[in-house]
>>> print(open('run-v7.txt').read())   # compact mmCIF, C-alpha atoms
# COMPACT_ATOMS: atom_id res chain seq x y z
CA MET O 133 -87.85 -90.18 -64.50
CA ASP O 134 -89.48 -88.07 -67.21
CA LEU O 135 -89.30 -88.68 -70.92
CA PHE O 136 -86.77 -85.92 -71.54
CA ASN O 137 -84.25 -87.40 -69.11
CA ILE O 138 -84.64 -90.78 -70.75
CA ASN O 139 -84.05 -89.24 -74.15
CA ARG O 140 -81.08 -87.30 -72.81
CA ARG O 141 -79.53 -90.48 -71.47
CA GLN O 142 -80.13 -92.29 -74.76
CA PHE O 143 -78.63 -89.40 -76.68
CA LEU O 144 -75.50 -89.21 -74.57
CA GLN O 145 -75.00 -92.98 -74.81
CA GLY O 146 -75.25 -92.86 -78.60
CA ALA O 147 -72.54 -92.86 -81.20
CA THR O 148 -73.08 -89.14 -81.68
CA ALA O 149 -72.30 -88.27 -78.06
CA SER O 150 -68.67 -87.24 -78.43
CA LEU O 151 -69.48 -85.30 -81.58
CA ALA O 152 -72.32 -83.51 -79.83
CA LEU O 153 -70.17 -82.67 -76.85
CA SER O 154 -67.51 -81.16 -79.08
CA ALA O 155 -70.13 -79.31 -81.11
CA PHE O 156 -72.03 -77.83 -78.18
CA GLY O 157 -69.38 -77.59 -75.43
CA ALA O 158 -70.22 -77.54 -71.74
CA GLN O 159 -72.59 -74.60 -72.05
CA GLY O 160 -74.56 -76.32 -74.75
CA MET O 161 -74.83 -79.52 -72.76
CA ASP O 162 -76.08 -77.56 -69.76
CA MET O 163 -79.14 -76.87 -71.86
CA LEU O 164 -80.04 -80.54 -71.68
CA HIS O 165 -80.36 -80.29 -67.91
CA GLN O 166 -82.91 -77.51 -67.99
CA GLY O 167 -86.58 -78.25 -67.43
CA LYS O 168 -87.92 -75.78 -70.01
CA THR O 169 -90.74 -77.05 -72.18
CA TRP O 170 -90.66 -75.53 -75.66
CA ARG O 171 -93.96 -74.38 -77.15
CA VAL O 172 -93.89 -75.54 -80.75
CA GLY O 173 -95.95 -75.03 -83.88
CA LEU O 174 -95.61 -76.80 -87.23
CA ILE O 175 -96.62 -75.24 -90.55
CA GLY O 176 -96.91 -77.93 -93.22
CA THR O 177 -97.79 -81.37 -91.83
CA GLY O 178 -96.67 -83.47 -94.78
CA TRP O 179 -93.93 -86.08 -94.80
CA TYR O 180 -90.92 -83.99 -93.85
CA GLY O 181 -92.71 -81.52 -91.64
CA LYS O 182 -93.83 -84.36 -89.39
CA SER O 183 -90.40 -85.99 -89.62
CA ASP O 184 -88.68 -82.84 -88.35
CA LEU O 185 -91.22 -82.45 -85.56
CA PHE O 186 -90.86 -86.06 -84.41
CA ARG O 187 -87.07 -85.72 -84.28
CA LEU O 188 -87.47 -82.64 -82.06
CA ILE O 189 -89.91 -84.49 -79.79
CA GLN O 190 -87.31 -87.25 -79.38
CA VAL O 191 -84.59 -84.96 -77.99
CA ALA O 192 -86.34 -82.13 -76.11
CA PRO O 193 -89.34 -81.51 -73.85
CA VAL O 194 -91.90 -79.93 -76.14
CA ASP O 195 -95.54 -78.99 -76.10
CA VAL O 196 -96.77 -79.12 -79.68
CA VAL O 197 -99.37 -76.39 -79.41
CA ALA O 198 -100.59 -76.03 -82.99
CA LEU O 199 -100.39 -77.50 -86.49
CA CYS O 200 -101.26 -75.89 -89.81
CA ASP O 201 -102.03 -77.41 -93.19
CA VAL O 202 -104.28 -76.59 -96.14
CA ASP O 203 -105.14 -80.31 -96.54
CA LYS O 204 -107.71 -81.11 -93.83
CA ASN O 205 -107.20 -84.87 -94.14
CA GLN O 206 -103.44 -84.56 -93.77
CA LEU O 207 -103.85 -82.08 -90.91
CA GLU O 208 -106.23 -84.25 -88.89
CA ALA O 209 -104.07 -87.34 -89.38
CA ALA O 210 -101.02 -85.37 -88.23
CA GLY O 211 -102.87 -84.15 -85.14
CA LYS O 212 -103.63 -87.72 -84.15
CA LEU O 213 -100.04 -88.83 -84.73
CA VAL O 214 -98.63 -85.96 -82.70
CA SER O 215 -100.96 -86.78 -79.79
CA GLN O 216 -99.50 -90.29 -79.80
CA ARG O 217 -95.91 -89.05 -79.88
CA GLN O 218 -95.87 -86.09 -77.50
CA LYS O 219 -95.68 -86.61 -73.76
CA SER O 220 -98.93 -84.80 -72.91
CA GLY O 221 -100.99 -86.92 -75.30
CA LYS O 222 -102.82 -83.78 -76.44
CA VAL O 223 -104.02 -83.17 -79.97
CA PRO O 224 -102.63 -79.76 -81.02
CA LYS O 225 -104.90 -76.98 -82.22
CA LEU O 226 -105.45 -77.35 -85.96
CA TYR O 227 -105.33 -74.49 -88.46
CA GLY O 228 -105.79 -74.00 -92.19
CA ASP O 229 -104.08 -70.58 -92.25
CA TYR O 230 -100.60 -70.09 -90.81
CA ARG O 231 -101.29 -66.42 -90.07
CA LYS O 232 -104.03 -67.39 -87.65
CA LEU O 233 -101.80 -70.00 -86.01
CA LEU O 234 -99.09 -67.38 -85.44
CA SER O 235 -101.43 -64.66 -84.19
CA GLU O 236 -103.37 -66.86 -81.75
CA ASN O 237 -100.44 -68.69 -80.11
CA LYS O 238 -97.31 -67.52 -78.35
CA LEU O 239 -94.72 -69.98 -79.67
CA ASP O 240 -91.05 -70.50 -78.84
CA ILE O 241 -90.35 -72.46 -82.02
CA VAL O 242 -92.01 -72.73 -85.41
CA LEU O 243 -91.06 -75.54 -87.79
CA ILE O 244 -91.75 -74.93 -91.48
CA GLY O 245 -92.22 -77.96 -93.72
CA THR O 246 -94.29 -76.45 -96.52
CA PRO O 247 -93.33 -76.46 -100.22
CA ASP O 248 -90.52 -74.09 -101.15
CA HIS O 249 -92.71 -71.28 -102.51
CA TRP O 250 -94.11 -70.69 -99.00
CA HIS O 251 -90.88 -70.68 -96.96
CA ALA O 252 -90.08 -66.98 -97.09
CA LEU O 253 -93.46 -65.52 -96.13
CA GLN O 254 -93.99 -68.05 -93.34
CA ALA O 255 -90.49 -67.79 -91.87
CA ILE O 256 -90.56 -63.98 -91.85
CA GLU O 257 -94.01 -63.90 -90.25
CA ALA O 258 -92.90 -66.46 -87.65
CA VAL O 259 -89.85 -64.47 -86.51
CA LYS O 260 -91.98 -61.33 -86.41
CA SER O 261 -94.37 -63.17 -84.08
CA GLY O 262 -91.47 -63.80 -81.68
CA ALA O 263 -90.62 -67.40 -82.54
CA HIS O 264 -87.34 -69.01 -83.47
CA VAL O 265 -87.61 -70.90 -86.76
CA TYR O 266 -86.48 -74.20 -88.23
CA VAL O 267 -87.12 -73.97 -91.98
CA GLN O 268 -86.64 -76.63 -94.59
CA LYS O 269 -84.28 -76.16 -97.48
CA PRO O 270 -84.07 -74.59 -99.97
CA ILE O 271 -85.04 -71.53 -98.01
CA SER O 272 -86.57 -69.68 -100.96
CA VAL O 273 -87.59 -69.78 -104.61
CA ASP O 274 -85.89 -66.53 -105.54
CA VAL O 275 -82.80 -64.69 -104.29
CA MET O 276 -84.56 -61.65 -102.80
CA GLU O 277 -86.79 -63.87 -100.66
CA GLY O 278 -83.62 -65.25 -99.11
CA GLU O 279 -82.17 -61.80 -98.55
CA ALA O 280 -85.40 -60.79 -96.79
CA MET O 281 -85.32 -63.90 -94.59
CA VAL O 282 -81.77 -63.12 -93.44
CA ALA O 283 -82.73 -59.49 -92.81
CA ALA O 284 -85.76 -60.53 -90.73
CA ALA O 285 -83.77 -63.01 -88.63
CA ARG O 286 -81.22 -60.31 -87.81
CA LYS O 287 -83.76 -57.51 -87.23
CA TYR O 288 -85.85 -59.53 -84.78
CA ASN O 289 -82.83 -61.32 -83.27
CA LYS O 290 -84.18 -64.82 -83.80
CA VAL O 291 -82.36 -68.07 -84.44
CA VAL O 292 -83.24 -69.54 -87.83
CA GLN O 293 -81.87 -73.01 -88.50
CA VAL O 294 -82.07 -74.41 -92.05
CA GLY O 295 -82.76 -78.10 -92.61
CA THR O 296 -79.38 -78.75 -94.23
CA GLN O 297 -78.66 -81.45 -91.66
CA ARG O 298 -75.62 -82.87 -93.44
CA LYS O 299 -73.69 -80.47 -91.18
CA SER O 300 -75.01 -82.49 -88.24
CA THR O 301 -74.46 -85.92 -89.83
CA PRO O 302 -72.11 -87.88 -87.53
CA HIS O 303 -69.90 -89.50 -90.15
CA LEU O 304 -69.63 -86.23 -92.11
CA ILE O 305 -68.66 -84.32 -88.95
CA ASP O 306 -65.99 -86.99 -88.52
CA ALA O 307 -64.82 -86.53 -92.12
CA LYS O 308 -64.55 -82.76 -91.71
CA LYS O 309 -62.60 -83.04 -88.48
CA ASN O 310 -60.37 -86.03 -89.15
CA ILE O 311 -59.87 -85.83 -92.92
CA VAL O 312 -60.38 -82.25 -94.16
CA ASP O 313 -59.37 -80.16 -91.13
CA ALA O 314 -56.55 -82.59 -90.31
CA GLY O 315 -54.98 -81.82 -93.68
CA LEU O 316 -55.11 -85.34 -95.11
CA LEU O 317 -56.39 -84.03 -98.45
CA GLY O 318 -53.74 -81.33 -98.79
CA LYS O 319 -54.80 -78.49 -101.08
CA VAL O 320 -58.29 -79.10 -102.46
CA SER O 321 -58.48 -77.67 -105.98
CA HIS O 322 -61.45 -79.50 -107.48
CA VAL O 323 -64.83 -80.68 -106.16
CA GLU O 324 -67.44 -82.79 -107.89
CA MET O 325 -71.02 -83.11 -106.66
CA CYS O 326 -73.82 -85.15 -108.17
CA CYS O 327 -77.28 -86.68 -107.96
CA TYR O 328 -78.33 -89.52 -110.24
CA PHE O 329 -81.56 -90.53 -108.49
CA HIS O 330 -84.55 -91.07 -110.77
CA MET O 331 -86.63 -88.67 -108.68
CA ARG O 332 -88.17 -86.33 -111.25
CA ALA O 333 -91.92 -86.93 -111.26
CA ASN O 334 -93.11 -86.79 -114.87
CA GLY O 335 -96.62 -87.69 -115.95
CA ASN O 336 -99.69 -86.28 -117.69
CA PRO O 337 -102.54 -86.53 -115.16
CA PRO O 338 -105.78 -84.88 -116.29
CA THR O 339 -107.16 -81.79 -114.62
CA GLU O 340 -109.90 -82.53 -112.10
CA PRO O 341 -112.09 -80.75 -109.54
CA VAL O 342 -110.30 -79.66 -106.37
CA PRO O 343 -111.40 -81.92 -103.49
CA ALA O 344 -113.33 -80.31 -100.65
CA PHE O 345 -110.63 -81.16 -98.09
CA LEU O 346 -107.92 -79.14 -99.91
CA ASP O 347 -107.70 -75.35 -99.96
CA TYR O 348 -105.89 -75.16 -103.31
CA GLU O 349 -106.04 -71.37 -103.41
CA MET O 350 -104.09 -71.22 -100.13
CA TRP O 351 -101.81 -74.08 -101.16
CA THR O 352 -100.78 -72.06 -104.23
CA GLY O 353 -100.45 -68.80 -102.29
CA PRO O 354 -97.92 -66.42 -103.91
CA ALA O 355 -96.95 -68.88 -106.68
CA PRO O 356 -98.49 -69.01 -110.17
CA MET O 357 -101.76 -70.97 -110.18
CA ARG O 358 -101.54 -74.24 -112.10
CA PRO O 359 -104.67 -76.15 -113.15
CA TYR O 360 -105.37 -78.73 -110.43
CA ASP O 361 -104.33 -82.21 -111.59
CA GLY O 362 -104.20 -84.18 -108.36
CA LEU O 363 -102.70 -83.79 -104.91
CA PRO O 364 -99.38 -81.95 -105.25
CA HIS O 365 -97.90 -83.52 -102.11
CA ILE O 366 -94.52 -85.30 -101.95
CA ARG O 367 -92.86 -85.27 -105.40
CA TRP O 368 -95.42 -83.73 -107.77
CA TRP O 369 -95.02 -80.08 -106.77
CA ARG O 370 -91.23 -80.38 -106.96
CA THR O 371 -91.37 -81.14 -110.66
CA PHE O 372 -92.57 -77.61 -111.50
CA LYS O 373 -90.59 -74.36 -111.53
CA GLU O 374 -93.68 -72.59 -110.21
CA TYR O 375 -93.03 -74.02 -106.72
CA GLY O 376 -89.33 -74.78 -106.48
CA ASN O 377 -85.97 -74.96 -108.19
CA GLY O 378 -85.89 -78.50 -109.44
CA ILE O 379 -83.16 -80.97 -108.58
CA MET O 380 -80.76 -78.06 -108.07
CA GLY O 381 -82.89 -76.64 -105.27
CA ASP O 382 -83.78 -80.01 -103.81
CA MET O 383 -80.54 -82.00 -103.96
CA CYS O 384 -77.62 -79.82 -105.06
CA ILE O 385 -78.16 -77.46 -102.13
CA HIS O 386 -77.44 -80.29 -99.66
CA MET O 387 -74.15 -81.29 -101.25
CA PHE O 388 -73.00 -77.76 -102.09
CA ASP O 389 -73.84 -76.54 -98.59
CA THR O 390 -71.85 -79.43 -97.08
CA VAL O 391 -68.86 -78.72 -99.32
CA ARG O 392 -68.93 -75.03 -98.37
CA TRP O 393 -69.03 -75.97 -94.69
CA MET O 394 -66.18 -78.46 -95.00
CA LEU O 395 -63.94 -76.10 -97.00
CA LYS O 396 -65.03 -72.84 -95.31
CA LEU O 397 -66.31 -71.30 -98.54
CA GLY O 398 -68.57 -68.25 -98.85
CA TRP O 399 -70.26 -66.87 -101.95
CA PRO O 400 -68.96 -68.23 -105.27
CA GLU O 401 -67.18 -65.69 -107.46
CA ARG O 402 -69.04 -66.85 -110.55
CA ILE O 403 -71.77 -69.39 -111.34
CA SER O 404 -72.51 -70.98 -114.69
CA SER O 405 -74.84 -73.79 -115.70
CA GLU O 406 -76.10 -75.67 -118.72
CA GLY O 407 -78.85 -78.23 -119.11
CA GLY O 408 -82.48 -78.80 -119.88
CA ILE O 409 -84.99 -81.53 -120.61
CA TYR O 410 -82.97 -83.85 -122.81
CA VAL O 411 -84.59 -87.25 -122.28
CA GLN O 412 -87.84 -87.19 -120.28
CA LYS O 413 -89.91 -85.03 -122.63
CA GLU O 414 -93.19 -86.92 -122.41
CA GLY O 415 -94.71 -85.40 -119.26
CA LYS O 416 -95.78 -82.07 -117.75
CA SER O 417 -92.63 -81.56 -115.70
CA ASN O 418 -90.76 -78.35 -116.58
CA ILE O 419 -87.59 -78.84 -114.49
CA SER O 420 -84.36 -80.09 -116.05
CA ASP O 421 -83.66 -83.80 -116.26
CA THR O 422 -79.99 -83.13 -117.11
CA GLN O 423 -77.92 -80.27 -115.75
CA SER O 424 -74.38 -79.32 -114.85
CA ALA O 425 -73.23 -76.27 -112.92
CA VAL O 426 -69.90 -74.74 -111.91
CA PHE O 427 -69.49 -72.71 -108.72
CA GLU O 428 -66.15 -70.91 -109.06
CA TYR O 429 -63.78 -69.99 -106.23
CA PRO O 430 -60.12 -68.93 -106.37
CA GLU O 431 -58.19 -71.94 -107.72
CA LEU O 432 -61.20 -74.16 -107.03
CA ASN O 433 -64.22 -75.20 -109.08
CA CYS O 434 -67.16 -76.96 -107.44
CA VAL O 435 -68.89 -78.84 -110.23
CA TRP O 436 -72.44 -80.21 -109.98
CA GLN O 437 -74.15 -82.72 -112.25
CA HIS O 438 -77.56 -84.35 -112.11
CA ARG O 439 -79.35 -86.77 -114.37
CA THR O 440 -82.77 -88.21 -113.57
CA TRP O 441 -82.17 -91.03 -116.03
CA GLY O 442 -79.39 -93.52 -116.76
CA THR O 443 -76.88 -94.86 -114.25
CA PRO O 444 -74.60 -93.11 -111.72
CA ASN O 445 -70.89 -92.77 -112.40
CA ASN O 446 -70.22 -94.51 -109.07
CA PRO O 447 -72.99 -96.87 -107.88
CA ASP O 448 -71.76 -96.54 -104.27
CA TYR O 449 -72.12 -92.75 -104.36
CA PRO O 450 -75.17 -91.84 -106.51
CA TRP O 451 -75.86 -88.64 -104.48
CA SER O 452 -72.58 -87.36 -103.16
CA PHE O 453 -69.62 -85.03 -103.29
CA THR O 454 -65.95 -85.72 -103.95
CA LEU O 455 -63.11 -83.51 -102.70
CA TYR O 456 -59.92 -83.82 -104.75
CA GLY O 457 -56.76 -82.77 -102.95
CA ASP O 458 -53.11 -83.08 -103.90
CA LYS O 459 -52.62 -85.58 -101.06
CA GLY O 460 -55.83 -87.60 -101.37
CA THR O 461 -59.48 -87.83 -102.33
CA LEU O 462 -62.63 -87.90 -100.18
CA TRP O 463 -65.85 -89.47 -101.44
CA ALA O 464 -68.80 -88.67 -99.18
CA SER O 465 -72.57 -89.09 -99.05
CA THR O 466 -75.38 -89.39 -96.53
CA MET O 467 -74.50 -93.07 -96.23
CA ALA O 468 -70.70 -93.22 -95.91
CA TYR O 469 -67.34 -91.69 -96.69
CA ASP O 470 -64.15 -93.07 -98.19
CA PHE O 471 -60.77 -91.39 -97.97
CA ILE O 472 -58.25 -92.55 -100.59
CA PRO O 473 -54.73 -91.23 -100.03
CA GLN O 474 -52.29 -90.38 -102.79
CA GLY O 475 -49.58 -93.07 -102.68
CA LYS O 476 -49.23 -95.71 -99.97
CA GLY O 477 -51.20 -94.16 -97.10
CA GLU O 478 -54.06 -95.79 -95.25
CA LYS O 479 -57.57 -95.76 -96.68
CA ILE O 480 -60.32 -94.72 -94.25
CA HIS O 481 -63.98 -95.74 -94.45
CA LYS O 482 -66.87 -94.71 -92.19
CA ASP O 483 -70.55 -95.62 -92.44
CA VAL O 484 -73.70 -93.77 -91.49
CA VAL O 485 -74.78 -93.95 -87.85
CA TYR O 486 -78.18 -95.49 -87.08
CA GLU O 487 -79.95 -95.17 -83.73
CA LYS O 488 -82.87 -97.57 -84.17
CA GLU O 489 -82.23 -99.29 -80.83
CA LYS O 490 -82.08 -96.05 -78.85
CA TYR O 491 -85.12 -94.59 -80.60
CA PRO O 492 -87.55 -97.49 -81.24
CA GLU O 493 -90.09 -95.11 -82.83
CA ASP O 494 -87.70 -94.95 -85.79
CA ASN O 495 -88.59 -98.56 -86.62
CA THR O 496 -92.31 -97.92 -87.04
CA GLU O 497 -92.55 -94.34 -88.34
CA GLU O 498 -93.96 -94.22 -91.84
CA ARG O 499 -91.52 -93.09 -94.59
CA ILE O 500 -88.79 -92.21 -92.10
CA GLU O 501 -85.31 -91.63 -93.55
CA LEU O 502 -83.40 -93.79 -91.11
CA ASN O 503 -80.02 -92.53 -92.28
CA ALA O 504 -81.08 -88.91 -91.70
CA ALA O 505 -82.78 -89.35 -88.31
CA PRO O 506 -79.62 -89.12 -86.12
CA ALA O 507 -78.46 -86.09 -88.12
CA THR O 508 -81.79 -84.30 -87.71
CA ARG O 509 -81.84 -85.01 -83.97
CA LEU O 510 -78.36 -83.52 -83.64
CA HIS O 511 -79.43 -80.61 -85.85
CA MET O 512 -82.37 -79.94 -83.51
CA LEU O 513 -80.08 -79.98 -80.47
CA ASP O 514 -77.74 -77.51 -82.19
CA PHE O 515 -80.77 -75.32 -82.92
CA LEU O 516 -81.88 -75.36 -79.26
CA SER O 517 -78.34 -74.70 -78.06
CA ALA O 518 -78.10 -71.63 -80.32
CA ILE O 519 -81.39 -70.33 -78.91
CA GLU O 520 -80.14 -70.81 -75.34
CA LYS O 521 -76.81 -69.10 -76.08
CA ASN O 522 -78.24 -66.49 -78.48
CA SER O 523 -75.67 -67.59 -81.04
CA ARG O 524 -75.67 -68.71 -84.66
CA PRO O 525 -76.58 -72.34 -85.32
CA VAL O 526 -74.50 -74.58 -87.56
CA ALA O 527 -76.98 -74.11 -90.43
CA ASP O 528 -77.71 -70.44 -89.86
CA ILE O 529 -80.13 -68.74 -92.25
CA GLU O 530 -77.32 -66.75 -93.88
CA GLU O 531 -75.45 -69.95 -94.79
CA GLY O 532 -78.68 -71.49 -96.04
CA HIS O 533 -79.26 -68.38 -98.13
CA ILE O 534 -75.84 -68.54 -99.77
CA SER O 535 -76.33 -72.19 -100.70
CA THR O 536 -79.93 -71.69 -101.85
CA ALA O 537 -79.23 -68.53 -103.84
CA SER O 538 -76.24 -70.13 -105.54
CA CYS O 539 -78.47 -72.95 -106.82
CA ILE O 540 -81.11 -70.44 -107.94
CA LEU O 541 -78.41 -68.46 -109.78
CA ALA O 542 -77.26 -71.67 -111.47
CA ASN O 543 -80.78 -72.16 -112.80
CA LEU O 544 -80.82 -68.54 -113.91
CA SER O 545 -77.52 -69.08 -115.72
CA MET O 546 -79.00 -72.09 -117.52
CA GLU O 547 -82.08 -70.06 -118.48
CA LEU O 548 -80.19 -66.97 -119.71
CA LYS O 549 -77.25 -68.95 -121.14
CA ARG O 550 -74.54 -66.88 -119.48
CA PRO O 551 -72.56 -66.85 -116.21
CA MET O 552 -73.86 -65.07 -113.11
CA VAL O 553 -71.71 -62.94 -110.78
CA TYR O 554 -73.77 -62.00 -107.74
CA ASP O 555 -72.91 -59.06 -105.48
CA PRO O 556 -74.56 -59.75 -102.09
CA LYS O 557 -73.85 -56.24 -100.82
CA LYS O 558 -75.55 -54.51 -103.74
CA ARG O 559 -77.98 -57.44 -104.20
CA GLU O 560 -77.52 -57.48 -107.94
CA VAL O 561 -76.05 -59.58 -110.72
CA VAL O 562 -73.02 -57.57 -111.77
CA GLY O 563 -73.45 -55.89 -115.16
CA ASP O 564 -76.67 -57.79 -115.94
CA LYS O 565 -79.93 -55.85 -115.54
CA GLU O 566 -82.03 -58.68 -117.00
CA ALA O 567 -80.67 -61.20 -114.50
CA THR O 568 -80.97 -58.72 -111.63
CA ALA O 569 -84.65 -58.22 -112.47
CA LYS O 570 -85.14 -61.97 -112.14
CA LEU O 571 -83.73 -62.07 -108.57
CA SER O 572 -87.27 -61.35 -107.40
CA ARG O 573 -90.18 -63.03 -109.11
CA GLU O 574 -93.67 -61.61 -109.35
CA TYR O 575 -96.10 -62.77 -106.67
CA ARG O 576 -99.70 -63.75 -107.36
CA LYS O 577 -102.08 -61.21 -105.87
CA PRO O 578 -102.91 -60.38 -103.11
CA TRP O 579 -99.60 -61.74 -101.75
CA ILE O 580 -96.75 -59.21 -101.49
CA HIS O 581 -93.14 -60.16 -102.09
CA PRO O 582 -90.96 -59.51 -99.01
CA ASP O 583 -88.48 -56.65 -99.25
CA PRO O 584 -85.21 -57.10 -97.32
CA LYS O 585 -85.22 -53.35 -96.57
CA LYS O 586 -88.71 -53.41 -95.08
CA VAL O 587 -89.09 -56.62 -93.07
>>> encode(input="run-v7.txt", output="structure tokens")
Amino acid sequence: MDLFNINRRQFLQGATASLALSAFGAQGMDMLHQGKTWRVGLIGTGWYGKSDLFRLIQVAPVDVVALCDVDKNQLEAAGKLVSQRQKSGKVPKLYGDYRKLLSENKLDIVLIGTPDHWHALQAIEAVKSGAHVYVQKPISVDVMEGEAMVAAARKYNKVVQVGTQRKSTPHLIDAKKNIVDAGLLGKVSHVEMCCYFHMRANGNPPTEPVPAFLDYEMWTGPAPMRPYDGLPHIRWWRTFKEYGNGIMGDMCIHMFDTVRWMLKLGWPERISSEGGIYVQKEGKSNISDTQSAVFEYPELNCVWQHRTWGTPNNPDYPWSFTLYGDKGTLWASTMAYDFIPQGKGEKIHKDVVYEKEKYPEDNTEERIELNAAPATRLHMLDFLSAIEKNSRPVADIEEGHISTASCILANLSMELKRPMVYDPKKREVVGDKEATAKLSREYRKPWIHPDPKKV
């Protein structure tokens, strides 16, 4: 019996089986019987790029053909790890330039785990090369990048799944089905979302020579060039606006995207935000340490708050969302959910699903997010099912764009100190030429910003 059949059996025996069956249906499950081996490439071999790839390896027959990274040490280490994890035992071809990887290999799937400022160019080039794409969130650093990514996915008819895997998290699927859709909350007229993790890197490392193993010019790419002050991997790059959108782009997008999915919400009618660096002023970081945002819908406000200092308002739900209905309240996070009815009804609690017994590699993989592993596996299966059926995945690029752009617009509101009303058809901020001009940021030469009309 081959590895894929073993993994298929393990998957179907797991706690996610019934959820997967309902999510994919018979046609989707037929996919698991097929003997196709997917040719896969990974761009960005850091922590989460490898994590996504290893989850895919666990649930589908893949041939990891090529890896790309601008850090030679990280790239070579990833090649060795992949050879140990994939069935063939082969070390993939290693590249320092994603364009060469895409031009020299015919790939079915490209996973993108690079920093946010690279997502748009790499995803668009990947779909143009003929591959389906799994791209990490947030999908972009400005709104027009996201519009161009959606346009490219549609033009080249490729499936693009965004790594907002809360939509594939077993206990959250349960909450949507058995709490929200079942009507236990009644009318939901207020939502609160938050992150109180102390995750904002903030130091003053000195500038230093760029090490020979890192192509810092290529790492920076279209973003503004910062003086090199140490390896930007993991948290350091996220603390700068040059490469991402702060805690809003990193953490709010997950919760806001999940809320939109649960409540079937599209674009907000209006977005406003306030915040700044109120406490942690001592370091180089230029992202907010304190921020609130309001995403407005008819008779519903979705309110976000983050602080990278102090204590959470609820220690059990430090990164979470809360749906307030006239019949009850739902607290939910990556770890659990709690439904509290109005009056004498029954409280309902569900915990995160782990699959450490079924997937023993989970126990030894460095820096693995054990609570997210089952969700990412299910997310990968949804991605493959969408490719097989030529349908939209649960975290389709358009949904990822709405959630990403909304967070970017919140940051823009904080910067310009006024609300944003975005018109996705005209691709402009209504009545605000200054804000509209900021929907597309200037690229560092020779990189060219993607145009949604010309992808």
>>> closest_residue(input="run-v7.txt", among="O:Gly173, O:Thr443, O:Asn289, O:Val267", to="Glu236 in chain O", atoms="all atoms listed in the file")
O:Gly173
>>> residues_near_point(input="run-v7.txt", point="(-79.3, -59.7, -119.7)", cutoff="12 Å", atoms="only C-alpha atoms", output="ChimeraX atom specification")
/O:544-545,547-552,561-570
>>> write_last_selection(input="run-v7.txt", atoms="C-alpha atoms", output="CSV table (one decimal), in the frame of the given file")
chain,number,residue,atom,x,y,z
O,544,LEU,CA,-80.8,-68.5,-113.9
O,545,SER,CA,-77.5,-69.1,-115.7
O,547,GLU,CA,-82.1,-70.1,-118.5
O,548,LEU,CA,-80.2,-67.0,-119.7
O,549,LYS,CA,-77.2,-69.0,-121.1
O,550,ARG,CA,-74.5,-66.9,-119.5
O,551,PRO,CA,-72.6,-66.8,-116.2
O,552,MET,CA,-73.9,-65.1,-113.1
O,561,VAL,CA,-76.0,-59.6,-110.7
O,562,VAL,CA,-73.0,-57.6,-111.8
O,563,GLY,CA,-73.4,-55.9,-115.2
O,564,ASP,CA,-76.7,-57.8,-115.9
O,565,LYS,CA,-79.9,-55.8,-115.5
O,566,GLU,CA,-82.0,-58.7,-117.0
O,567,ALA,CA,-80.7,-61.2,-114.5
O,568,THR,CA,-81.0,-58.7,-111.6
O,569,ALA,CA,-84.6,-58.2,-112.5
O,570,LYS,CA,-85.1,-62.0,-112.1
>>> closest_residue(input="run-v7.txt", among="O:Ser417, O:Thr461, O:Thr246, O:Ser183", to="Met350 in chain O", atoms="only C-alpha atoms")
O:Thr246
>>> atom_distance(input="run-v7.txt", atom1="CA of Pro444 in chain O", atom2="CA of Lys308 in chain O")
24.7 Å
>>> atom_distance(input="run-v7.txt", atom1="CA of Lys577 in chain O", atom2="CA of Tyr348 in chain O")
14.7 Å
>>> atom_distance(input="run-v7.txt", atom1="CA of Arg499 in chain O", atom2="CA of Glu487 in chain O")
16.0 Å
>>> axis_aligned_box(input="run-v7.txt", around="range 349-353 of chain O", padding_each_side="5 Å", output="AutoDock Vina command-line options")
--center_x -103.2 --center_y -71.4 --center_z -102.2 --size_x 15.6 --size_y 15.3 --size_z 14.1
>>> residues_around(input="run-v7.txt", residues="Gln423 in chain O", least_positions_apart="3", cutoff="9 Å", atoms="all atoms listed in the file", output="mmCIF file with C-alpha atoms, in the coordinates of the input")
data_model
loop_
_atom_site.group_PDB
_atom_site.id
_atom_site.type_symbol
_atom_site.label_atom_id
_atom_site.label_comp_id
_atom_site.auth_asym_id
_atom_site.auth_seq_id
_atom_site.Cartn_x
_atom_site.Cartn_y
_atom_site.Cartn_z
ATOM 1 C CA ILE O 379 -83.160 -80.970 -108.580
ATOM 2 C CA MET O 380 -80.760 -78.060 -108.070
ATOM 3 C CA SER O 405 -74.840 -73.790 -115.700
ATOM 4 C CA GLU O 406 -76.100 -75.670 -118.720
ATOM 5 C CA GLY O 407 -78.850 -78.230 -119.110
ATOM 6 C CA GLY O 408 -82.480 -78.800 -119.880
ATOM 7 C CA ILE O 409 -84.990 -81.530 -120.610
ATOM 8 C CA SER O 420 -84.360 -80.090 -116.050
ATOM 9 C CA TRP O 436 -72.440 -80.210 -109.980
ATOM 10 C CA GLN O 437 -74.150 -82.720 -112.250
ATOM 11 C CA HIS O 438 -77.560 -84.350 -112.110
ATOM 12 C CA ARG O 439 -79.350 -86.770 -114.370
ATOM 13 C CA MET O 546 -79.000 -72.090 -117.520
#
>>> closest_residue(input="run-v7.txt", among="O:Lys182, O:Lys373, O:Lys238, O:Arg367", to="Leu213 in chain O", atoms="all atoms listed in the file")
O:Lys182
>>> closest_residue(input="run-v7.txt", among="O:Cys327, O:Leu397, O:Leu207, O:Leu239", to="Cys434 in chain O", atoms="all atoms listed in the file")
O:Leu397
>>> closest_residue(input="run-v7.txt", among="O:Arg402, O:Lys222, O:His264, O:Arg171", to="Arg524 in chain O", atoms="all atoms listed in the file")
O:His264
